[in-house]
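Dumped model21.cif below, it's mmCIF, C-alpha atoms and all ligand atoms:
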data_target
loop_
_atom_site.label_atom_id
_atom_site.label_comp_id
_atom_site.auth_asym_id
_atom_site.auth_seq_id
_atom_site.Cartn_x
_atom_site.Cartn_y
_atom_site.Cartn_z
CA MET A 1 11.49 25.67 -8.79
CA PRO A 2 13.92 25.45 -11.72
CA MET A 3 13.01 24.81 -15.33
CA ASP A 4 14.02 21.93 -17.58
CA ALA A 5 15.88 22.18 -20.91
CA ALA A 6 12.61 22.94 -22.71
CA GLY A 7 11.93 25.84 -20.35
CA ILE A 8 9.16 24.08 -18.47
CA HIS A 9 8.96 24.10 -14.67
CA TYR A 10 9.28 20.74 -12.99
CA THR A 11 6.06 21.44 -11.13
CA GLU A 12 4.26 21.91 -14.46
CA ARG A 13 5.77 18.63 -15.67
CA ALA A 14 4.40 16.88 -12.59
CA VAL A 15 0.97 18.50 -12.87
CA ALA A 16 0.68 17.54 -16.55
CA LEU A 17 1.74 13.97 -15.81
CA CYS A 18 -0.68 13.72 -12.89
CA ARG A 19 -3.52 14.77 -15.24
CA ASP A 20 -2.43 12.22 -17.83
CA LEU A 21 -2.34 9.49 -15.18
CA VAL A 22 -5.73 10.47 -13.74
CA ALA A 23 -7.20 10.26 -17.25
CA CYS A 24 -6.48 6.49 -17.23
CA PRO A 25 -9.07 4.67 -15.13
CA GLY A 26 -7.18 1.81 -13.54
CA VAL A 27 -8.40 -0.25 -10.63
CA SER A 28 -6.21 -3.04 -9.26
CA GLY A 29 -5.48 -5.52 -12.05
CA ASP A 30 -6.30 -2.99 -14.76
CA GLU A 31 -3.29 -0.65 -14.55
CA GLY A 32 -2.16 -1.20 -18.17
CA ALA A 33 -3.09 2.24 -19.53
CA THR A 34 -1.62 3.99 -16.49
CA ALA A 35 1.57 1.96 -16.88
CA ARG A 36 1.94 3.01 -20.52
CA VAL A 37 1.50 6.70 -19.68
CA LEU A 38 4.00 6.41 -16.82
CA ALA A 39 6.57 4.60 -18.95
CA ASP A 40 6.18 7.17 -21.78
CA ALA A 41 6.77 9.98 -19.29
CA MET A 42 9.91 8.33 -17.94
CA ARG A 43 11.23 7.89 -21.47
CA ARG A 44 10.46 11.52 -22.36
CA MET A 45 12.03 12.83 -19.19
CA GLY A 46 15.35 11.10 -19.80
CA PHE A 47 15.33 7.94 -17.68
CA ASP A 48 18.20 5.66 -18.75
CA SER A 49 16.35 2.36 -18.63
CA LEU A 50 12.83 1.06 -18.32
CA HIS A 51 11.57 -2.32 -17.32
CA VAL A 52 8.06 -3.75 -17.03
CA ASP A 53 8.02 -6.98 -15.03
CA ARG A 54 5.65 -9.95 -15.25
CA TYR A 55 3.15 -8.40 -12.85
CA GLY A 56 3.18 -5.13 -14.83
CA ASN A 57 5.19 -3.00 -12.38
CA VAL A 58 6.97 -0.20 -14.27
CA ILE A 59 10.54 0.50 -13.12
CA GLY A 60 12.56 3.39 -14.53
CA ARG A 61 16.17 3.97 -13.61
CA ILE A 62 18.65 6.85 -13.81
CA HIS A 63 22.31 5.94 -13.36
CA GLY A 64 24.87 8.17 -11.69
CA THR A 65 28.46 8.30 -12.84
CA GLY A 66 29.84 6.82 -9.60
CA ALA A 67 29.21 3.67 -7.61
CA GLY A 68 26.79 3.94 -4.71
CA PRO A 69 23.43 2.94 -3.31
CA CYS A 70 20.22 2.27 -5.21
CA VAL A 71 17.40 4.56 -4.08
CA LEU A 72 13.84 3.54 -4.96
CA LEU A 73 10.83 5.85 -5.04
CA ASP A 74 7.69 3.67 -4.96
CA GLY A 75 4.13 4.63 -5.85
CA HIS A 76 1.22 2.38 -6.70
CA MET A 77 -0.58 2.85 -10.01
CA ASP A 78 -3.86 1.18 -9.08
CA THR A 79 -6.80 3.06 -7.63
CA VAL A 80 -10.04 2.11 -5.93
CA PRO A 81 -13.09 2.18 -8.25
CA VAL A 82 -15.58 4.98 -8.83
CA PRO A 83 -18.81 3.13 -8.03
CA ASP A 84 -21.10 6.10 -8.74
CA PRO A 85 -19.69 8.91 -10.96
CA ALA A 86 -23.02 10.76 -10.63
CA VAL A 87 -22.24 11.75 -7.04
CA TRP A 88 -19.00 13.45 -8.11
CA ASN A 89 -19.08 17.20 -8.68
CA ARG A 90 -16.01 16.87 -10.94
CA GLN A 91 -15.23 14.41 -13.70
CA PRO A 92 -13.58 11.44 -11.93
CA PHE A 93 -11.08 11.05 -14.80
CA GLY A 94 -11.08 14.62 -16.07
CA GLY A 95 -8.11 16.03 -14.16
CA GLU A 96 -9.88 19.41 -13.87
CA ILE A 97 -7.92 22.10 -12.05
CA VAL A 98 -10.08 24.46 -10.00
CA ASP A 99 -8.81 26.87 -7.34
CA GLY A 100 -5.41 25.24 -7.14
CA LYS A 101 -6.78 21.69 -6.82
CA LEU A 102 -6.43 18.91 -9.38
CA TYR A 103 -9.47 16.62 -9.21
CA GLY A 104 -9.85 12.97 -10.07
CA ARG A 105 -9.73 9.37 -8.87
CA GLY A 106 -6.19 8.64 -7.77
CA ALA A 107 -5.08 12.29 -7.74
CA SER A 108 -4.27 11.97 -4.06
CA ASP A 109 -3.88 8.17 -3.81
CA MET A 110 -1.46 8.23 -5.48
CA LYS A 111 -0.94 9.34 -9.05
CA GLY A 112 0.02 12.82 -7.85
CA ALA A 113 2.92 11.36 -5.88
CA LEU A 114 4.02 9.22 -8.82
CA ALA A 115 4.05 12.31 -11.04
CA CYS A 116 6.12 14.17 -8.44
CA MET A 117 8.60 11.29 -8.26
CA VAL A 118 9.16 11.15 -12.03
CA SER A 119 9.54 14.92 -12.26
CA ALA A 120 11.85 15.06 -9.22
CA ALA A 121 14.04 12.32 -10.70
CA ALA A 122 14.37 14.30 -13.95
CA LEU A 123 15.13 17.46 -11.97
CA PHE A 124 17.77 15.66 -9.91
CA ALA A 125 19.43 14.15 -13.01
CA ALA A 126 19.54 17.56 -14.72
CA GLU A 127 20.84 19.47 -11.71
CA THR A 128 23.60 16.96 -10.98
CA GLU A 129 24.32 16.23 -14.66
CA ARG A 130 24.22 12.62 -13.41
CA LYS A 131 27.40 13.23 -11.35
CA PHE A 132 26.16 11.27 -8.36
CA ASN A 133 26.99 7.97 -6.71
CA GLY A 134 24.59 5.09 -7.31
CA SER A 135 21.28 4.97 -9.09
CA LEU A 136 17.76 6.27 -8.71
CA CYS A 137 14.73 4.12 -9.53
CA VAL A 138 11.08 5.13 -9.71
CA ALA A 139 8.57 2.28 -9.62
CA GLY A 140 4.87 2.39 -10.46
CA THR A 141 3.47 -0.72 -8.81
CA VAL A 142 0.33 -2.81 -9.31
CA HIS A 143 -2.20 -4.37 -6.95
CA GLU A 144 -1.48 -2.28 -3.85
CA GLU A 145 -5.04 -1.48 -2.83
CA CYS A 146 -5.86 -4.94 -1.48
CA PHE A 147 -2.56 -6.80 -1.81
CA GLU A 148 -0.13 -4.48 -0.05
CA GLY A 149 3.49 -5.14 -0.89
CA ILE A 150 3.07 -8.43 -2.74
CA ALA A 151 3.89 -7.11 -6.24
CA CYS A 152 6.86 -5.24 -4.73
CA ARG A 153 8.60 -8.51 -3.93
CA GLU A 154 9.34 -8.70 -7.64
CA ILE A 155 10.81 -5.19 -7.66
CA SER A 156 13.13 -5.59 -4.71
CA ALA A 157 14.36 -8.93 -6.08
CA ALA A 158 15.13 -7.25 -9.43
CA ILE A 159 16.83 -4.03 -8.29
CA ARG A 160 17.84 -4.67 -4.64
CA PRO A 161 17.25 -1.13 -3.36
CA ASP A 162 19.30 0.20 -0.44
CA TYR A 163 16.70 2.83 0.48
CA VAL A 164 12.99 3.06 -0.33
CA ILE A 165 10.69 6.08 -0.19
CA ILE A 166 6.98 5.19 -0.17
CA GLY A 167 4.95 8.05 -1.64
CA GLU A 168 1.60 7.48 0.09
CA ALA A 169 0.03 10.76 1.18
CA SER A 170 1.66 12.15 4.33
CA GLU A 171 1.00 15.86 3.75
CA LEU A 172 4.77 16.07 3.20
CA ASN A 173 5.51 14.75 6.67
CA LEU A 174 7.96 11.94 7.25
CA LYS A 175 6.55 8.49 8.12
CA THR A 176 8.79 5.91 9.76
CA GLY A 177 6.44 2.94 10.02
CA GLN A 178 2.94 1.50 10.06
CA ARG A 179 0.97 -1.35 11.53
CA GLY A 180 0.74 -4.40 9.29
CA ARG A 181 -2.36 -6.37 8.40
CA ALA A 182 -3.39 -10.00 8.27
CA GLU A 183 -6.63 -11.69 7.27
CA ILE A 184 -7.55 -14.77 9.29
CA VAL A 185 -10.11 -17.25 7.97
CA LEU A 186 -12.17 -19.06 10.59
CA GLN A 187 -14.15 -22.10 9.56
CA THR A 188 -16.52 -24.25 11.61
CA PHE A 189 -17.67 -27.67 10.51
CA GLY A 190 -20.98 -29.17 11.65
CA LYS A 191 -23.34 -31.85 10.46
CA PRO A 192 -26.36 -31.12 8.25
CA ALA A 193 -29.85 -32.06 9.43
CA HIS A 194 -33.45 -31.02 8.80
CA SER A 195 -34.19 -27.98 10.91
CA ALA A 196 -37.32 -29.74 12.20
CA ASN A 197 -34.93 -32.16 13.84
CA PRO A 198 -31.87 -30.05 14.74
CA ASP A 199 -30.57 -32.46 17.38
CA ALA A 200 -29.67 -34.86 14.58
CA GLY A 201 -27.16 -32.33 13.23
CA ALA A 202 -24.44 -30.02 14.49
CA ASN A 203 -25.01 -26.33 13.73
CA ALA A 204 -21.89 -24.68 12.30
CA VAL A 205 -23.33 -21.15 12.77
CA ILE A 206 -23.80 -21.72 16.51
CA MET A 207 -20.20 -22.94 16.67
CA MET A 208 -19.06 -19.79 14.92
CA ILE A 209 -21.01 -17.64 17.38
CA HIS A 210 -19.16 -19.32 20.26
CA LEU A 211 -15.85 -18.80 18.51
CA LEU A 212 -16.49 -15.14 17.64
CA GLU A 213 -17.50 -14.42 21.23
CA ARG A 214 -14.02 -15.56 22.23
CA VAL A 215 -12.44 -13.49 19.44
CA GLU A 216 -14.32 -10.40 20.62
CA ALA A 217 -12.83 -10.90 24.06
CA PHE A 218 -9.21 -11.05 22.82
CA ALA A 219 -7.03 -8.48 24.55
CA PRO A 220 -5.14 -6.82 21.68
CA PRO A 221 -1.36 -6.62 21.96
CA THR A 222 -0.09 -3.05 22.11
CA HIS A 223 2.95 -1.18 20.87
CA PRO A 224 4.10 2.12 22.42
CA VAL A 225 4.21 3.88 19.03
CA LEU A 226 1.96 1.94 16.66
CA GLY A 227 -0.92 1.34 19.08
CA GLN A 228 -3.11 -1.75 19.26
CA GLY A 229 -3.02 -4.98 17.30
CA ILE A 230 -6.80 -5.06 17.02
CA THR A 231 -8.93 -7.88 15.60
CA VAL A 232 -12.15 -7.07 13.72
CA VAL A 233 -14.62 -9.50 12.17
CA THR A 234 -15.17 -8.34 8.59
CA ASP A 235 -17.43 -10.99 7.04
CA ILE A 236 -19.35 -14.17 7.74
CA VAL A 237 -21.22 -16.65 5.58
CA SER A 238 -22.86 -19.99 6.26
CA SER A 239 -23.35 -22.94 3.96
CA PRO A 240 -25.71 -23.75 2.43
CA TYR A 241 -26.67 -20.10 1.93
CA PRO A 242 -29.48 -19.21 1.96
CA GLY A 243 -30.37 -22.06 4.23
CA SER A 244 -33.92 -23.29 4.06
CA SER A 245 -35.06 -25.89 6.59
CA VAL A 246 -31.50 -27.04 7.06
CA VAL A 247 -29.02 -27.02 9.91
CA PRO A 248 -25.95 -25.40 8.31
CA ALA A 249 -22.97 -27.70 8.04
CA ARG A 250 -20.34 -25.00 7.48
CA CYS A 251 -19.67 -21.44 8.46
CA ARG A 252 -16.80 -19.20 7.46
CA ALA A 253 -15.79 -15.81 8.86
CA THR A 254 -12.89 -13.48 8.14
CA CYS A 255 -11.08 -11.38 10.73
CA ASP A 256 -8.85 -8.40 9.97
CA ARG A 257 -5.95 -8.19 12.38
CA ARG A 258 -3.71 -5.12 12.56
CA LEU A 259 -0.14 -6.32 13.11
CA LEU A 260 2.55 -4.90 15.35
CA VAL A 261 6.28 -4.97 14.75
CA GLY A 262 7.82 -8.43 14.96
CA GLU A 263 4.55 -10.40 14.87
CA ILE A 264 4.73 -13.52 12.73
CA GLN A 265 1.96 -15.82 11.52
CA GLU A 266 2.31 -18.25 14.44
CA ASP A 267 1.85 -15.39 16.96
CA VAL A 268 -1.24 -14.17 15.18
CA LEU A 269 -2.91 -17.57 14.87
CA ARG A 270 -2.12 -18.75 18.42
CA PRO A 271 -5.06 -17.12 20.29
CA PHE A 272 -7.51 -18.38 17.66
CA GLN A 273 -6.13 -21.91 18.02
CA THR A 274 -6.28 -21.69 21.80
CA ALA A 275 -9.94 -20.62 21.62
CA ILE A 276 -10.71 -23.49 19.25
CA ALA A 277 -8.98 -25.99 21.55
CA GLU A 278 -10.93 -24.72 24.58
CA LEU A 279 -14.26 -24.87 22.74
CA SER A 280 -13.46 -28.37 21.50
CA GLY A 281 -13.06 -29.40 25.13
CA GLN A 282 -16.34 -27.73 26.06
CA PHE A 283 -18.59 -28.98 23.22
CA ALA A 284 -18.37 -32.55 21.95
CA ASP A 285 -19.28 -31.69 18.33
CA PHE A 286 -17.17 -28.54 18.07
CA HIS A 287 -14.86 -28.52 15.07
CA ALA A 288 -13.10 -25.44 13.69
CA THR A 289 -9.94 -24.21 11.99
CA ALA A 290 -8.09 -20.88 11.79
CA SER A 291 -5.68 -20.01 8.97
CA ILE A 292 -4.17 -17.05 7.16
CA ALA A 293 -6.27 -16.14 4.11
CA ARG A 294 -4.78 -16.65 0.68
CA GLY A 295 -5.44 -14.12 -2.04
CA GLU A 296 -5.22 -14.49 -5.78
CA ALA A 297 -5.72 -11.84 -8.43
CA GLN A 298 -5.07 -11.31 -12.11
CA CYS A 299 -2.53 -8.76 -13.37
CA TYR A 300 -3.12 -6.73 -16.53
CA THR A 301 -0.21 -8.65 -18.05
CA GLY A 302 -2.20 -11.88 -17.77
CA GLN A 303 0.00 -13.15 -14.94
CA SER A 304 -1.77 -14.22 -11.78
CA ILE A 305 -0.48 -12.96 -8.42
CA GLU A 306 -1.02 -15.06 -5.36
CA ALA A 307 0.03 -14.82 -1.73
CA GLU A 308 -1.06 -15.14 1.87
CA ARG A 309 -2.77 -12.02 3.14
CA PHE A 310 -0.13 -11.28 5.73
CA TYR A 311 1.58 -7.91 5.49
CA PRO A 312 4.03 -7.24 8.33
CA ALA A 313 4.36 -4.07 10.39
CA TRP A 314 7.52 -1.98 10.35
CA LEU A 315 8.97 0.91 12.30
CA PHE A 316 12.29 2.75 12.32
CA ASP A 317 13.47 4.76 15.29
CA GLU A 318 13.20 8.50 14.79
CA ASN A 319 16.86 8.76 15.82
CA GLU A 320 18.12 6.45 13.08
CA PRO A 321 20.74 8.43 11.14
CA PHE A 322 18.90 8.05 7.80
CA VAL A 323 15.69 9.39 9.34
CA GLN A 324 17.46 12.39 10.86
CA ALA A 325 19.34 13.01 7.61
CA ALA A 326 16.11 12.97 5.57
CA LEU A 327 14.57 15.46 8.00
CA ALA A 328 17.54 17.77 7.60
CA TRP A 329 17.47 17.55 3.79
CA LEU A 330 13.73 18.29 3.70
CA ARG A 331 14.17 21.27 6.03
CA ALA A 332 17.00 22.58 3.87
CA ALA A 333 14.57 22.43 0.92
CA GLY A 334 12.16 24.67 2.81
CA LEU A 335 9.76 22.00 4.08
CA ASP A 336 8.73 21.56 7.70
CA PRO A 337 8.05 17.84 8.19
CA ALA A 338 6.89 16.20 11.40
CA VAL A 339 7.78 12.57 12.11
CA SER A 340 5.01 10.03 12.64
CA HIS A 341 3.71 6.77 11.18
CA TYR A 342 1.00 5.82 8.69
CA SER A 343 -2.32 4.70 10.10
CA PHE A 344 -2.89 2.34 7.16
CA CYS A 345 -0.99 -0.44 5.44
CA THR A 346 1.39 0.34 2.53
CA ASN A 347 3.94 -1.31 0.23
CA GLY A 348 6.38 -0.64 3.10
CA SER A 349 5.07 -3.93 4.53
CA HIS A 350 7.25 -5.61 1.95
CA TYR A 351 10.26 -3.28 1.67
CA ALA A 352 10.73 -2.68 5.40
CA GLY A 353 8.59 -5.39 7.02
CA GLU A 354 9.70 -8.35 4.90
CA ALA A 355 12.98 -7.25 3.29
CA GLY A 356 14.32 -5.04 6.11
CA ILE A 357 15.29 -2.21 3.75
CA PRO A 358 15.58 1.29 5.32
CA THR A 359 12.25 2.81 4.25
CA LEU A 360 10.51 6.13 4.73
CA GLY A 361 7.08 7.42 3.82
CA PHE A 362 6.85 10.85 2.25
CA GLY A 363 4.04 11.95 -0.03
CA PRO A 364 2.06 14.98 -1.11
CA SER A 365 -1.59 15.48 -0.18
CA LEU A 366 -3.78 14.58 2.77
CA GLU A 367 -4.26 11.01 3.87
CA ARG A 368 -7.98 11.58 4.37
CA LEU A 369 -8.56 12.39 0.67
CA ALA A 370 -7.81 8.81 -0.40
CA HIS A 371 -10.82 6.87 -1.74
CA THR A 372 -13.18 9.87 -1.44
CA VAL A 373 -15.73 11.40 -3.80
CA ASP A 374 -14.22 14.49 -5.48
CA GLU A 375 -10.71 13.28 -4.59
CA TYR A 376 -8.14 15.98 -5.34
CA ILE A 377 -4.55 17.03 -4.80
CA GLU A 378 -3.43 20.62 -4.27
CA ILE A 379 -1.03 21.98 -6.89
CA ASP A 380 1.01 23.44 -4.04
CA GLN A 381 1.43 19.93 -2.59
CA ILE A 382 2.64 18.70 -5.99
CA SER A 383 5.14 21.53 -6.21
CA ARG A 384 6.53 20.90 -2.74
CA GLY A 385 6.39 17.15 -3.31
CA VAL A 386 8.75 17.48 -6.29
CA ALA A 387 11.12 19.59 -4.17
CA GLY A 388 10.93 17.12 -1.28
CA TYR A 389 11.68 14.03 -3.35
CA ALA A 390 14.58 15.81 -5.07
CA ALA A 391 15.94 16.80 -1.64
CA ILE A 392 15.82 13.29 -0.17
CA VAL A 393 17.27 11.71 -3.32
CA GLY A 394 20.01 14.36 -3.45
CA GLY A 395 20.91 13.68 0.15
CA LEU A 396 21.09 9.92 -0.29
CA LEU A 397 23.00 9.93 -3.59
CA CYS A 398 25.25 12.99 -3.33
CA GLN A 399 26.66 12.61 0.18
CA ARG A 400 30.36 11.72 0.72
ZN ZN B 1 -2.45 4.41 -1.65
#
Whole structure given in structure tokens:
Amino acid sequence: MPMDAAGIHYTERAVALCRDLVACPGVSGDEGATARVLADAMRRMGFDSLHVDRYGNVIGRIHGTGAGPCVLLDGHMDTVPVPDPAVWNRQPFGGEIVDGKLYGRGASDMKGALACMVSAAALFAAETERKFNGSLCVAGTVHEECFEGIACREISAAIRPDYVIIGEASELNLKTGQRGRAEIVLQTFGKPAHSANPDAGANAVIMMIHLLERVEAFAPPTHPVLGQGITVVTDIVSSPYPGSSVVPARCRATCDRRLLVGEIQEDVLRPFQTAIAELSGQFADFHATASIARGEAQCYTGQSIEAERFYPAWLFDENEPFVQAALAWLRAAGLDPAVSHYSFCTNGSHYAGEAGIPTLGFGPSLERLAHTVDEYIEIDQISRGVAGYAAIVGGLLCQR
């Protein structure tokens, strides 16, 4: 790995930045400190321009001397919380390095990848002396952990990337897609009555039981690569709650549905609506609705972010020229990537699923380390992550 003008290895730059980022606790909606550290690092490492948008996404850009595509490296800044620091054997925000592993919340998911991206961009700019065609952007995004891809709509509208690399952990393998995710809200509406006289009312919980029995029997759609579009009930609550001597008048449940490529909201809601229509024919009092959940959250900038919880699936064919080219560039850099898809939902739901931009996943560290106690990233993964990002960016911006 080469050194920068100050004689510091790009791996060391990335490791130091990863530690600085880990030192900033920052759950979704509270990424302000992380954003400042990231922006400072971009400024120090020679990015040409910096922009923080209304949601608080940080976007740094390096311009080449020629005209060409815009390549975006995307990593989310938010992390999941640390509910109980006492069960950690390492400081959750300490960034301790022990036996070649850097520990801390977000080290693997995904401040390590963000640090690699910034360092790789600086390395690429130095090695090419900016004699490349197009521009390279690195974005630190907000609100990924439960609002996948929504904040990214702002980024793609602002910079219109031609290629996107998602840095979620892939153990330096190449990911060409993922299932999407939707949350469906089911509501049943009954009639309140004293529970000593239940026949005077209509019990919304019993209605929900009938409806969920149907949902459990749904045959999931399948995709030859991505697998099943499963439906799972994730919560349920009746009203009034707790109910004392009352027939509940309302019940609400949420289902998580994993989406396959091409599925739109109407497709996803249809079986729920069919079940509701059938039950309405069967029971005189039955009344229910199914809809896509809406989410709202606050950004650290004070802006609120709001959207339907519907994050589409995406998948590119392994034989697409840009996929094969990325493989070749990574191999030339000494990496040995396999091609597969993510098992979880990422910001790619926006870039590829909504906007149709050629997108790949490539990130250091193991997927299974995300959200764990004693989360860590291996220094070796950081080192090879920097090399991998530089290789992909070099391929995309220096061809022709
Ligand atoms: Zn992540």
Once you count all atoms listed in the file, which residues end up within 8 Å of ligand ZN 1 (chain B), and could you hand them over as an NGL selection string?
-> :A and (75-76 or 79 or 109-110 or 144-145 or 168-169 or 346 or 370)
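Counting only C-alpha atoms, the residue from A:Phe316, A:Tyr389, A:Trp329, A:Tyr300 that sits nearest to Gly56 (chain A) is A:Tyr300.
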Spatial neighbours of Gly32 (chain A), max dist 10 Å, all atoms listed in the file, sep filter under 4 positions, as a ChimeraX atom specification | /A:24-28,36-38,56-58,77-78,142,299-301
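If you look at CA of Leu369 (chain A) and CA of Ala328 (chain A), they are 27.5 Å away from each other.
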Of the candidates A:Leu330, A:Val118, A:Cys255, A:Ile377, which one gets nearest to Gly106 (chain A) if we count all atoms listed in the file?
-> A:Ile377
Selection: 7 Å around region 262-275 of chain A, all atoms listed in the file, excl. self and same-chain fewer than 4 positions, as a VMD selection string = chain A and resid 211 214 279 290 to 291
Of the candidates A:Ser119, A:Gln91, A:Thr289, A:Asn347, which shows the shortest atom-to-atom distance to Arg105 (chain A), using all atoms listed in the file?
->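 Closest to Arg105 (chain A), using all atoms listed in the file: A:Gln91.
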